[in-house]
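File shown: structure-v5.pdb. Contents: PDB, C-alpha atoms.
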ATOM      1  CA  MET U   1     126.442  81.471  14.102
ATOM      2  CA  PRO U   2     125.217  78.744  16.502
ATOM      3  CA  VAL U   3     122.723  79.851  19.133
ATOM      4  CA  ASN U   4     124.066  79.845  22.695
ATOM      5  CA  ILE U   5     121.797  80.947  25.551
ATOM      6  CA  ARG U   6     123.699  79.256  28.383
ATOM      7  CA  GLY U   7     123.402  81.245  31.598
ATOM      8  CA  ARG U   8     120.473  83.341  30.349
ATOM      9  CA  SER U   9     117.225  83.817  32.250
ATOM     10  CA  PHE U  10     113.886  83.244  30.533
ATOM     11  CA  LEU U  11     111.598  86.042  31.723
ATOM     12  CA  THR U  12     109.716  87.181  28.604
ATOM     13  CA  LEU U  13     109.976  86.519  24.873
ATOM     14  CA  LEU U  14     110.775  90.210  24.437
ATOM     15  CA  ASP U  15     114.303  89.238  25.535
ATOM     16  CA  TYR U  16     114.703  86.564  22.839
ATOM     17  CA  THR U  17     115.288  86.822  19.109
ATOM     18  CA  PRO U  18     113.296  84.798  16.571
ATOM     19  CA  SER U  19     116.423  82.681  15.988
ATOM     20  CA  GLU U  20     116.730  81.919  19.690
ATOM     21  CA  ILE U  21     113.043  81.015  19.898
ATOM     22  CA  ARG U  22     113.463  78.780  16.854
ATOM     23  CA  TYR U  23     116.402  77.055  18.557
ATOM     24  CA  LEU U  24     114.271  76.336  21.652
ATOM     25  CA  LEU U  25     111.416  74.979  19.533
ATOM     26  CA  ASP U  26     113.722  72.677  17.570
ATOM     27  CA  LEU U  27     115.337  71.503  20.791
ATOM     28  CA  ALA U  28     111.889  70.786  22.258
ATOM     29  CA  LYS U  29     111.026  68.694  19.196
ATOM     30  CA  GLU U  30     114.143  66.603  19.742
ATOM     31  CA  PHE U  31     113.377  66.112  23.433
ATOM     32  CA  LYS U  32     109.820  65.132  22.529
ATOM     33  CA  ARG U  33     111.136  62.567  20.041
ATOM     34  CA  MET U  34     113.436  61.103  22.675
ATOM     35  CA  LYS U  35     110.697  61.027  25.314
ATOM     36  CA  ARG U  36     108.272  59.295  22.952
ATOM     37  CA  ASN U  37     110.892  56.715  21.974
ATOM     38  CA  GLY U  38     112.129  56.013  25.477
ATOM     39  CA  VAL U  39     115.603  57.415  24.803
ATOM     40  CA  PRO U  40     117.295  58.442  28.081
ATOM     41  CA  HIS U  41     118.498  62.054  28.206
ATOM     42  CA  ARG U  42     119.821  62.606  31.724
ATOM     43  CA  TYR U  43     122.184  65.311  30.531
ATOM     44  CA  LEU U  44     122.053  67.463  33.666
ATOM     45  CA  GLU U  45     122.827  64.987  36.424
ATOM     46  CA  ASN U  46     124.221  66.512  39.634
ATOM     47  CA  LYS U  47     122.405  69.785  38.956
ATOM     48  CA  ASN U  48     119.511  71.040  41.072
ATOM     49  CA  ILE U  49     116.648  73.448  40.502
ATOM     50  CA  VAL U  50     114.065  75.009  42.792
ATOM     51  CA  LEU U  51     110.460  75.850  41.906
ATOM     52  CA  LEU U  52     109.016  78.890  43.717
ATOM     53  CA  PHE U  53     105.224  78.962  43.475
ATOM     54  CA  GLU U  54     103.190  81.888  44.797
ATOM     55  CA  LYS U  55     100.360  80.811  42.470
ATOM     56  CA  THR U  56      99.335  77.167  42.314
ATOM     57  CA  SER U  57      99.443  75.218  39.073
ATOM     58  CA  THR U  58      98.964  71.789  37.537
ATOM     59  CA  ARG U  59     100.723  71.987  34.166
ATOM     60  CA  THR U  60     103.595  74.305  35.106
ATOM     61  CA  ARG U  61     104.567  72.394  38.236
ATOM     62  CA  CYS U  62     104.289  68.963  36.636
ATOM     63  CA  SER U  63     106.126  70.082  33.497
ATOM     64  CA  PHE U  64     109.095  71.442  35.449
ATOM     65  CA  GLN U  65     109.228  68.447  37.758
ATOM     66  CA  VAL U  66     109.071  65.837  34.988
ATOM     67  CA  ALA U  67     111.460  67.820  32.789
ATOM     68  CA  GLY U  68     113.958  68.098  35.628
ATOM     69  CA  SER U  69     113.643  64.412  36.472
ATOM     70  CA  ASP U  70     114.076  63.349  32.838
ATOM     71  CA  LEU U  71     117.238  65.477  32.647
ATOM     72  CA  GLY U  72     118.583  63.781  35.775
ATOM     73  CA  MET U  73     118.228  66.783  38.053
ATOM     74  CA  GLY U  74     117.180  67.218  41.645
ATOM     75  CA  VAL U  75     113.981  69.290  41.912
ATOM     76  CA  THR U  76     112.754  71.130  45.035
ATOM     77  CA  TYR U  77     109.213  72.518  45.128
ATOM     78  CA  LEU U  78     108.358  75.401  47.462
ATOM     79  CA  ASP U  79     104.671  76.320  47.740
ATOM     80  CA  PRO U  80     103.479  79.705  49.071
ATOM     81  CA  GLY U  81     103.660  78.487  52.672
ATOM     82  CA  SER U  82     107.132  76.954  52.404
ATOM     83  CA  SER U  83     109.208  80.058  51.744
ATOM     84  CA  GLN U  84     109.881  83.291  53.633
ATOM     85  CA  MET U  85     110.337  85.170  50.336
ATOM     86  CA  GLY U  86     108.730  88.602  50.521
ATOM     87  CA  LYS U  87     107.542  88.020  54.092
ATOM     88  CA  LYS U  88     110.479  87.636  56.483
ATOM     89  CA  GLU U  89     113.104  87.796  53.761
ATOM     90  CA  SER U  90     113.477  90.135  50.821
ATOM     91  CA  ILE U  91     113.395  88.913  47.217
ATOM     92  CA  ALA U  92     117.046  89.900  46.831
ATOM     93  CA  ASP U  93     118.154  87.978  49.914
ATOM     94  CA  THR U  94     116.104  84.921  48.917
ATOM     95  CA  ALA U  95     117.637  85.034  45.440
ATOM     96  CA  ARG U  96     121.192  85.197  46.792
ATOM     97  CA  VAL U  97     120.579  82.263  49.128
ATOM     98  CA  LEU U  98     118.949  80.059  46.494
ATOM     99  CA  GLY U  99     121.574  80.975  43.911
ATOM    100  CA  ARG U 100     124.224  79.452  46.217
ATOM    101  CA  MET U 101     122.310  76.168  46.452
ATOM    102  CA  TYR U 102     120.648  75.702  43.065
ATOM    103  CA  ASP U 103     121.659  75.850  39.424
ATOM    104  CA  GLY U 104     118.356  77.375  38.314
ATOM    105  CA  ILE U 105     115.222  78.935  39.764
ATOM    106  CA  GLU U 106     111.649  78.831  38.466
ATOM    107  CA  TYR U 107     109.150  81.425  39.704
ATOM    108  CA  ARG U 108     105.373  81.449  39.283
ATOM    109  CA  GLY U 109     103.507  84.291  40.925
ATOM    110  CA  TYR U 110     102.334  87.857  40.633
ATOM    111  CA  GLU U 111     104.632  90.746  39.761
ATOM    112  CA  GLN U 112     107.041  90.637  36.836
ATOM    113  CA  LYS U 113     109.463  92.641  38.985
ATOM    114  CA  THR U 114     109.741  89.682  41.369
ATOM    115  CA  VAL U 115     111.030  87.315  38.707
ATOM    116  CA  GLU U 116     113.283  90.083  37.380
ATOM    117  CA  ASP U 117     114.749  90.648  40.852
ATOM    118  CA  LEU U 118     115.341  86.923  41.273
ATOM    119  CA  ALA U 119     117.288  86.979  38.010
ATOM    120  CA  LYS U 120     119.166  90.128  39.021
ATOM    121  CA  TYR U 121     120.386  88.856  42.391
ATOM    122  CA  SER U 122     120.574  85.050  42.181
ATOM    123  CA  GLY U 123     123.483  84.639  39.772
ATOM    124  CA  VAL U 124     121.793  81.653  38.093
ATOM    125  CA  PRO U 125     119.215  81.327  35.290
ATOM    126  CA  VAL U 126     115.672  82.166  36.371
ATOM    127  CA  TRP U 127     112.613  80.951  34.443
ATOM    128  CA  ASN U 128     109.252  82.710  34.452
ATOM    129  CA  GLY U 129     106.526  80.118  35.033
ATOM    130  CA  LEU U 130     103.885  82.903  34.963
ATOM    131  CA  THR U 131     103.476  86.432  36.248
ATOM    132  CA  ASP U 132     100.585  88.858  35.917
ATOM    133  CA  GLN U 133     102.313  90.357  32.856
ATOM    134  CA  PHE U 134     103.871  87.446  30.936
ATOM    135  CA  HIS U 135     103.755  83.660  30.525
ATOM    136  CA  PRO U 136     106.706  82.802  28.240
ATOM    137  CA  THR U 137     106.935  79.061  28.868
ATOM    138  CA  GLN U 138     103.311  78.689  27.733
ATOM    139  CA  MET U 139     104.214  80.580  24.554
ATOM    140  CA  LEU U 140     106.807  78.016  23.510
ATOM    141  CA  SER U 141     104.254  75.254  24.002
ATOM    142  CA  ASP U 142     101.700  77.133  21.915
ATOM    143  CA  LEU U 143     104.162  77.844  19.116
ATOM    144  CA  LEU U 144     105.289  74.211  19.030
ATOM    145  CA  THR U 145     101.678  72.987  18.928
ATOM    146  CA  MET U 146     100.786  75.289  16.034
ATOM    147  CA  GLU U 147     103.863  74.268  14.078
ATOM    148  CA  GLU U 148     103.021  70.598  14.608
ATOM    149  CA  LYS U 149      99.493  71.145  13.273
ATOM    150  CA  PHE U 150     100.289  73.412  10.312
ATOM    151  CA  GLY U 151     103.918  72.658   9.500
ATOM    152  CA  ARG U 152     104.799  76.351   9.804
ATOM    153  CA  LEU U 153     104.332  79.452  11.915
ATOM    154  CA  GLN U 154     105.001  82.416   9.666
ATOM    155  CA  GLY U 155     101.895  83.759   7.994
ATOM    156  CA  LEU U 156      99.347  81.956  10.187
ATOM    157  CA  ARG U 157      96.295  84.016  11.135
ATOM    158  CA  PHE U 158      95.945  83.925  14.916
ATOM    159  CA  THR U 159      92.993  85.307  16.899
ATOM    160  CA  TYR U 160      92.940  85.716  20.669
ATOM    161  CA  MET U 161      89.473  86.248  22.158
ATOM    162  CA  GLY U 162      88.943  87.491  25.698
ATOM    163  CA  ASP U 163      90.798  89.737  28.120
ATOM    164  CA  ALA U 164      93.623  90.878  25.858
ATOM    165  CA  ARG U 165      95.339  92.829  28.667
ATOM    166  CA  ASN U 166      96.227  89.773  30.727
ATOM    167  CA  ASN U 167      99.467  87.770  30.707
ATOM    168  CA  MET U 168      98.211  85.504  27.928
ATOM    169  CA  GLY U 169      97.041  88.358  25.702
ATOM    170  CA  ASN U 170     100.350  90.184  26.174
ATOM    171  CA  SER U 171     102.495  87.113  25.662
ATOM    172  CA  LEU U 172     100.649  85.728  22.638
ATOM    173  CA  MET U 173     100.846  89.113  20.912
ATOM    174  CA  ILE U 174     104.627  89.197  21.407
ATOM    175  CA  ALA U 175     105.130  85.528  20.482
ATOM    176  CA  CYS U 176     103.173  85.935  17.244
ATOM    177  CA  ALA U 177     105.028  89.138  16.393
ATOM    178  CA  LYS U 178     108.415  87.477  16.944
ATOM    179  CA  MET U 179     107.580  84.509  14.705
ATOM    180  CA  GLY U 180     105.805  86.349  11.887
ATOM    181  CA  LEU U 181     102.162  85.447  12.539
ATOM    182  CA  HIS U 182      99.220  87.769  11.916
ATOM    183  CA  PHE U 183      97.877  88.398  15.422
ATOM    184  CA  THR U 184      94.406  89.742  16.175
ATOM    185  CA  ALA U 185      93.168  90.619  19.647
ATOM    186  CA  CYS U 186      89.382  90.329  19.564
ATOM    187  CA  ALA U 187      88.062  91.954  22.729
ATOM    188  CA  PRO U 188      86.053  94.873  24.101
ATOM    189  CA  LYS U 189      88.073  98.087  23.900
ATOM    190  CA  GLN U 190      88.313  98.274  27.711
ATOM    191  CA  LEU U 191      90.279  95.024  27.633
ATOM    192  CA  PHE U 192      92.732  95.882  24.844
ATOM    193  CA  PRO U 193      96.460  95.493  25.634
ATOM    194  CA  ALA U 194      98.440  98.535  26.801
ATOM    195  CA  PRO U 195      99.107 100.884  23.841
ATOM    196  CA  GLU U 196     102.867 100.972  24.441
ATOM    197  CA  LEU U 197     103.086  97.164  24.314
ATOM    198  CA  VAL U 198     100.928  97.092  21.181
ATOM    199  CA  ALA U 199     103.252  99.589  19.496
ATOM    200  CA  LYS U 200     106.286  97.510  20.442
ATOM    201  CA  ALA U 201     104.620  94.329  19.143
ATOM    202  CA  GLN U 202     103.648  96.008  15.872
ATOM    203  CA  ALA U 203     107.237  97.090  15.302
ATOM    204  CA  ILE U 204     108.511  93.564  16.018
ATOM    205  CA  ALA U 205     105.852  92.047  13.734
ATOM    206  CA  ALA U 206     106.814  94.360  10.876
ATOM    207  CA  GLU U 207     110.424  93.108  11.117
ATOM    208  CA  ASN U 208     109.222  89.504  10.834
ATOM    209  CA  HIS U 209     106.580  89.888   8.091
ATOM    210  CA  GLY U 210     103.685  89.566  10.539
ATOM    211  CA  SER U 211     101.097  92.005  11.881
ATOM    212  CA  VAL U 212      99.206  93.012  15.023
ATOM    213  CA  HIS U 213      95.577  94.096  14.860
ATOM    214  CA  LEU U 214      92.952  94.940  17.502
ATOM    215  CA  THR U 215      89.197  94.723  16.985
ATOM    216  CA  GLU U 216      85.976  94.667  18.978
ATOM    217  CA  ASP U 217      84.150  92.955  16.098
ATOM    218  CA  VAL U 218      83.896  89.168  16.557
ATOM    219  CA  SER U 219      82.980  88.555  12.919
ATOM    220  CA  GLU U 220      85.973  90.545  11.707
ATOM    221  CA  GLY U 221      88.309  89.087  14.326
ATOM    222  CA  THR U 222      87.540  85.431  13.597
ATOM    223  CA  LYS U 223      87.223  85.680   9.812
ATOM    224  CA  ASP U 224      89.486  83.116   8.110
ATOM    225  CA  ALA U 225      91.535  82.534  11.264
ATOM    226  CA  ASP U 226      93.869  79.533  11.392
ATOM    227  CA  VAL U 227      93.907  79.566  15.183
ATOM    228  CA  ILE U 228      91.337  80.756  17.706
ATOM    229  CA  TYR U 229      92.657  81.000  21.241
ATOM    230  CA  THR U 230      91.011  81.962  24.513
ATOM    231  CA  ASP U 231      91.678  81.987  28.250
ATOM    232  CA  ILE U 232      89.595  82.124  31.420
ATOM    233  CA  TRP U 233      87.841  85.441  31.939
ATOM    234  CA  VAL U 234      89.086  86.092  35.478
ATOM    235  CA  SER U 235      92.732  85.387  36.241
ATOM    236  CA  MET U 236      94.087  83.817  39.407
ATOM    237  CA  GLY U 237      94.440  86.406  42.133
ATOM    238  CA  GLU U 238      91.726  88.722  40.872
ATOM    239  CA  PRO U 239      88.852  89.392  43.312
ATOM    240  CA  GLU U 240      85.559  87.529  42.922
ATOM    241  CA  ALA U 241      83.814  90.875  42.554
ATOM    242  CA  VAL U 242      85.070  91.233  38.968
ATOM    243  CA  TRP U 243      83.160  88.172  37.709
ATOM    244  CA  GLU U 244      79.901  89.993  37.025
ATOM    245  CA  GLU U 245      81.501  92.785  34.995
ATOM    246  CA  ARG U 246      83.861  90.416  33.155
ATOM    247  CA  ILE U 247      80.992  88.113  32.170
ATOM    248  CA  ARG U 248      79.013  91.098  30.909
ATOM    249  CA  LEU U 249      81.958  92.341  28.844
ATOM    250  CA  LEU U 250      83.179  89.020  27.489
ATOM    251  CA  ARG U 251      80.049  86.964  26.919
ATOM    252  CA  PRO U 252      79.909  88.143  23.266
ATOM    253  CA  TYR U 253      83.508  86.921  22.870
ATOM    254  CA  GLN U 254      82.850  83.330  23.867
ATOM    255  CA  VAL U 255      84.454  80.826  21.485
ATOM    256  CA  ASN U 256      81.494  78.866  20.146
ATOM    257  CA  ALA U 257      80.470  77.033  16.996
ATOM    258  CA  ALA U 258      79.658  80.302  15.221
ATOM    259  CA  ALA U 259      83.111  81.735  15.925
ATOM    260  CA  MET U 260      84.848  78.549  14.778
ATOM    261  CA  GLY U 261      82.585  78.395  11.742
ATOM    262  CA  ASN U 262      83.760  81.861  10.699
ATOM    263  CA  ALA U 263      87.377  80.691  10.803
ATOM    264  CA  LYS U 264      89.008  78.490   8.177
ATOM    265  CA  PRO U 265      87.710  74.906   7.940
ATOM    266  CA  THR U 266      91.170  73.751   9.024
ATOM    267  CA  ALA U 267      91.248  76.070  12.063
ATOM    268  CA  ILE U 268      92.244  74.785  15.491
ATOM    269  CA  PHE U 269      91.063  75.822  18.952
ATOM    270  CA  MET U 270      93.644  76.501  21.674
ATOM    271  CA  HIS U 271      93.460  77.214  25.406
ATOM    272  CA  CYS U 272      96.220  77.273  28.046
ATOM    273  CA  LEU U 273      93.914  75.626  30.636
ATOM    274  CA  PRO U 274      92.211  75.291  33.041
ATOM    275  CA  SER U 275      88.967  75.992  31.193
ATOM    276  CA  PHE U 276      85.411  76.675  32.305
ATOM    277  CA  HIS U 277      83.574  74.840  29.532
ATOM    278  CA  ASP U 278      81.072  73.081  31.810
ATOM    279  CA  THR U 279      79.913  73.017  35.432
ATOM    280  CA  LYS U 280      82.157  70.158  36.592
ATOM    281  CA  THR U 281      84.377  72.474  38.640
ATOM    282  CA  THR U 282      83.614  74.281  41.871
ATOM    283  CA  ILE U 283      83.918  77.703  40.249
ATOM    284  CA  GLY U 284      81.960  76.603  37.178
ATOM    285  CA  ALA U 285      79.097  75.389  39.349
ATOM    286  CA  GLU U 286      79.144  78.584  41.432
ATOM    287  CA  ILE U 287      79.073  80.805  38.347
ATOM    288  CA  ALA U 288      76.205  78.785  36.853
ATOM    289  CA  GLU U 289      74.179  79.187  40.035
ATOM    290  CA  LYS U 290      74.937  82.884  40.430
ATOM    291  CA  PHE U 291      74.839  84.113  36.815
ATOM    292  CA  GLY U 292      72.907  81.405  34.973
ATOM    293  CA  ILE U 293      75.640  80.456  32.474
ATOM    294  CA  THR U 294      76.963  76.899  32.203
ATOM    295  CA  GLU U 295      79.828  77.649  29.772
ATOM    296  CA  MET U 296      82.139  80.644  29.855
ATOM    297  CA  GLU U 297      85.081  81.440  27.574
ATOM    298  CA  VAL U 298      84.445  78.384  25.350
ATOM    299  CA  THR U 299      81.507  76.087  24.827
ATOM    300  CA  ASP U 300      81.821  72.426  25.675
ATOM    301  CA  GLU U 301      81.007  71.646  22.048
ATOM    302  CA  VAL U 302      84.134  73.445  20.833
ATOM    303  CA  PHE U 303      86.341  72.320  23.710
ATOM    304  CA  GLU U 304      85.576  68.652  23.012
ATOM    305  CA  SER U 305      85.611  68.977  19.220
ATOM    306  CA  SER U 306      88.154  67.550  16.791
ATOM    307  CA  GLN U 307      89.440  71.102  16.249
ATOM    308  CA  SER U 308      90.521  71.362  19.881
ATOM    309  CA  VAL U 309      94.234  70.767  20.511
ATOM    310  CA  VAL U 310      94.295  71.822  24.161
ATOM    311  CA  PHE U 311      95.751  68.568  25.481
ATOM    312  CA  ASP U 312      98.493  68.575  22.854
ATOM    313  CA  GLU U 313      99.362  72.044  24.164
ATOM    314  CA  ALA U 314      99.386  70.778  27.726
ATOM    315  CA  GLU U 315     101.792  67.949  26.899
ATOM    316  CA  ASN U 316     104.054  70.306  24.981
ATOM    317  CA  ARG U 317     104.597  72.370  28.136
ATOM    318  CA  MET U 318     106.828  69.531  29.355
ATOM    319  CA  HIS U 319     108.916  69.303  26.185
ATOM    320  CA  THR U 320     109.406  73.051  25.752
ATOM    321  CA  ILE U 321     110.218  73.639  29.421
ATOM    322  CA  LYS U 322     112.783  70.840  29.191
ATOM    323  CA  ALA U 323     114.336  72.675  26.260
ATOM    324  CA  VAL U 324     114.542  75.940  28.231
ATOM    325  CA  ILE U 325     116.133  74.261  31.253
ATOM    326  CA  TYR U 326     118.686  72.399  29.149
ATOM    327  CA  ALA U 327     119.580  75.320  26.885
ATOM    328  CA  THR U 328     120.136  77.748  29.739
ATOM    329  CA  LEU U 329     122.059  75.350  31.986
ATOM    330  CA  CYS U 330     124.069  73.173  29.629
TER     331      CYS U 330
END
Reformat the file's structure so that it appears as C-alpha cells.
Amino acid sequence: MPVNIRGRSFLTLLDYTPSEIRYLLDLAKEFKRMKRNGVPHRYLENKNIVLLFEKTSTRTRCSFQVAGSDLGMGVTYLDPGSSQMGKKESIADTARVLGRMYDGIEYRGYEQKTVEDLAKYSGVPVWNGLTDQFHPTQMLSDLLTMEEKFGRLQGLRFTYMGDARNNMGNSLMIACAKMGLHFTACAPKQLFPAPELVAKAQAIAAENHGSVHLTEDVSEGTKDADVIYTDIWVSMGEPEAVWEERIRLLRPYQVNAAAMGNAKPTAIFMHCLPSFHDTKTTIGAEIAEKFGITEMEVTDEVFESSQSVVFDEAENRMHTIKAVIYATLC
C-alpha cells in the first residue's frame, strides 16, 4: 500500500513506522537530486508556513526557509521576541490563530508538550524543529547521510557518545531502533536515557532486527563501530553552572583519535552541530580560559578529518525537511 502522511504532524519518530520513514528518506533523495540538477520543484505554491523559534538556530531555520522557498511557499519567521505565545496568549490560542492563516507550523523550543499542543489545536501539520526531548528532523538528515555513505542502514553499528539523556540521545536511539541499526549509548551511568524510553526502543529494535545497548566503557562502546556520533555537552537553555560537572563527567567520552581508531577503518564521525572542537567561538574561548580545555566533545583532529561527514549532515537537513513539508502538505 502506498504511504500517505498528508495532514500528519511530525513531532517524534515514535509516531512513524519504518515504512513511513523510508518514504521520507526516498523523497528527500529525489528532492536532493532535483536541487543538485537545478530542476524546479515549486509544488506548493500559494501555501504558507510559519516558523516559531523559542531557541535560535542556524541549520534548522535556514533549512526550513530554503525548503519552503524551493517549494514555492511563503515563509514567515517569528523569533522569541516576535510572538505573544506563552506570554500574553496561550499555546492553544496561538495555535488556533496560526492554523487559520498558515498551512503548516514549525516549532523549535523547549517542552515537547508545546509542540504537541500546537498540533492538537492548530488543525494543520506541525513540525518539531527541536524540543528538549526530541529532534526528529535532525534524525532524517542523519539517516540519509549514513545511507549515502554505507549504502544501507540496517545492521550498521552506531555509537553515540556524550549526554545520552538529551534530545539527540533520545532521538538517535529511536531512529536507530526503527531502522534496524545496532545502537550503543556510551556515557556515564548518570547520563543514560530514561529506562522507560530505553525499554520502548529495545522493543522497537527487536521488531526491526536491531538492538539497543548502554555502556560506560568507551573501549567496548566504540569497538568496531560504523558510526561514532556526539553532541555538545551542555544543551541550549541549560544554566552555565552545569559546565564544570558536565566536563568532569564527559571528558573521558570525548571523540578523539583513539576512539575513532577503535572503530572500523571505514567508520564515519557525525555531529549535529554546532561543535566545540576549538576555541574559535565565544563559548569555546571562555571554557578554555576557565577550565583549561581547548577541545570538548570532539577533537579538532577528528572534526576536520576525512572521516567527518558533519557538513554532509548539515546540507541534508534541507533536503529531508523539504521532504517532510511536502509529504505532510501535498
Between CA of Val298 (chain U) and CA of Tyr253 (chain U), what is the spacing in Å?
8.9 Å
Using all atoms listed in the file, which protein or nucleic acid residues come within 9 Å of region 134-138 of chain U? Drop anything in the same chain fewer than 5 positions from it, and give the result as number ranges by chain.
U: 10-13, 60, 112, 127-129, 143, 166-172, 175, 272, 313-314, 316-317, 320-321, 324
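Minimum distance to Ile204 (chain U) across U:Lys87, U:His182, U:Lys29, U:Lys55 (counting only C-alpha atoms) occurs at U:His182.
Separating CA of Ala92 (chain U) from CA of Val75 (chain U) is a distance of 21.4 Å.
The residue that comes closest to Gly7 (chain U), out of U:Ser83, U:Ser211, U:Ser19, U:Ser122 and on the basis of only C-alpha atoms, is U:Ser122.
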Expected selection from the PyMOL selection byres ((chain U and resi 17) around 12), given as a PyMOL selection string:
chain U and resi 3-5+12-16+18-24+174-175+177-180+204+207-208
With C-alpha atoms retained, write the just-selected residues as a PDB file, in the frame of the given file.
ATOM      1  CA  VAL U   3     122.723  79.851  19.133  1.00  0.00           C
ATOM      2  CA  ASN U   4     124.066  79.845  22.695  1.00  0.00           C
ATOM      3  CA  ILE U   5     121.797  80.947  25.551  1.00  0.00           C
ATOM      4  CA  THR U  12     109.716  87.181  28.604  1.00  0.00           C
ATOM      5  CA  LEU U  13     109.976  86.519  24.873  1.00  0.00           C
ATOM      6  CA  LEU U  14     110.775  90.210  24.437  1.00  0.00           C
ATOM      7  CA  ASP U  15     114.303  89.238  25.535  1.00  0.00           C
ATOM      8  CA  TYR U  16     114.703  86.564  22.839  1.00  0.00           C
ATOM      9  CA  PRO U  18     113.296  84.798  16.571  1.00  0.00           C
ATOM     10  CA  SER U  19     116.423  82.681  15.988  1.00  0.00           C
ATOM     11  CA  GLU U  20     116.730  81.919  19.690  1.00  0.00           C
ATOM     12  CA  ILE U  21     113.043  81.015  19.898  1.00  0.00           C
ATOM     13  CA  ARG U  22     113.463  78.780  16.854  1.00  0.00           C
ATOM     14  CA  TYR U  23     116.402  77.055  18.557  1.00  0.00           C
ATOM     15  CA  LEU U  24     114.271  76.336  21.652  1.00  0.00           C
ATOM     16  CA  ILE U 174     104.627  89.197  21.407  1.00  0.00           C
ATOM     17  CA  ALA U 175     105.130  85.528  20.482  1.00  0.00           C
ATOM     18  CA  ALA U 177     105.028  89.138  16.393  1.00  0.00           C
ATOM     19  CA  LYS U 178     108.415  87.477  16.944  1.00  0.00           C
ATOM     20  CA  MET U 179     107.580  84.509  14.705  1.00  0.00           C
ATOM     21  CA  GLY U 180     105.805  86.349  11.887  1.00  0.00           C
ATOM     22  CA  ILE U 204     108.511  93.564  16.018  1.00  0.00           C
ATOM     23  CA  GLU U 207     110.424  93.108  11.117  1.00  0.00           C
ATOM     24  CA  ASN U 208     109.222  89.504  10.834  1.00  0.00           C
TER      25      ASN U 208
END
Would you please work out which residue, of U:Leu98, U:Asn262, U:Gly151, U:Glu244, is nearest to Ala225 (chain U) when using all atoms listed in the file?
U:Asn262
Nearby residues (only C-alpha atoms) at most 9 Å from Trp243 (chain U), same-chain spacing under 3 positions excluded, as a VMD selection string
chain U and resid 233 to 234 239 to 240 246 to 248 287
Check which residues of region 192-225 of chain U sit at most 9 Å from region 158-162 of chain U using all atoms listed in the file, and return one row each with the closest pair of atoms and their distance in Å to one decimal, ordered by chain and rising number, as a tab-separated table.
residue	atom	partner	partner_atom	distance
U:Val218	CA	U:Met161	CA	8.4
U:Gly221	CA	U:Thr159	CA	6.5
U:Thr222	CA	U:Thr159	CA	6.4
U:Ala225	CA	U:Phe158	CA	5.9
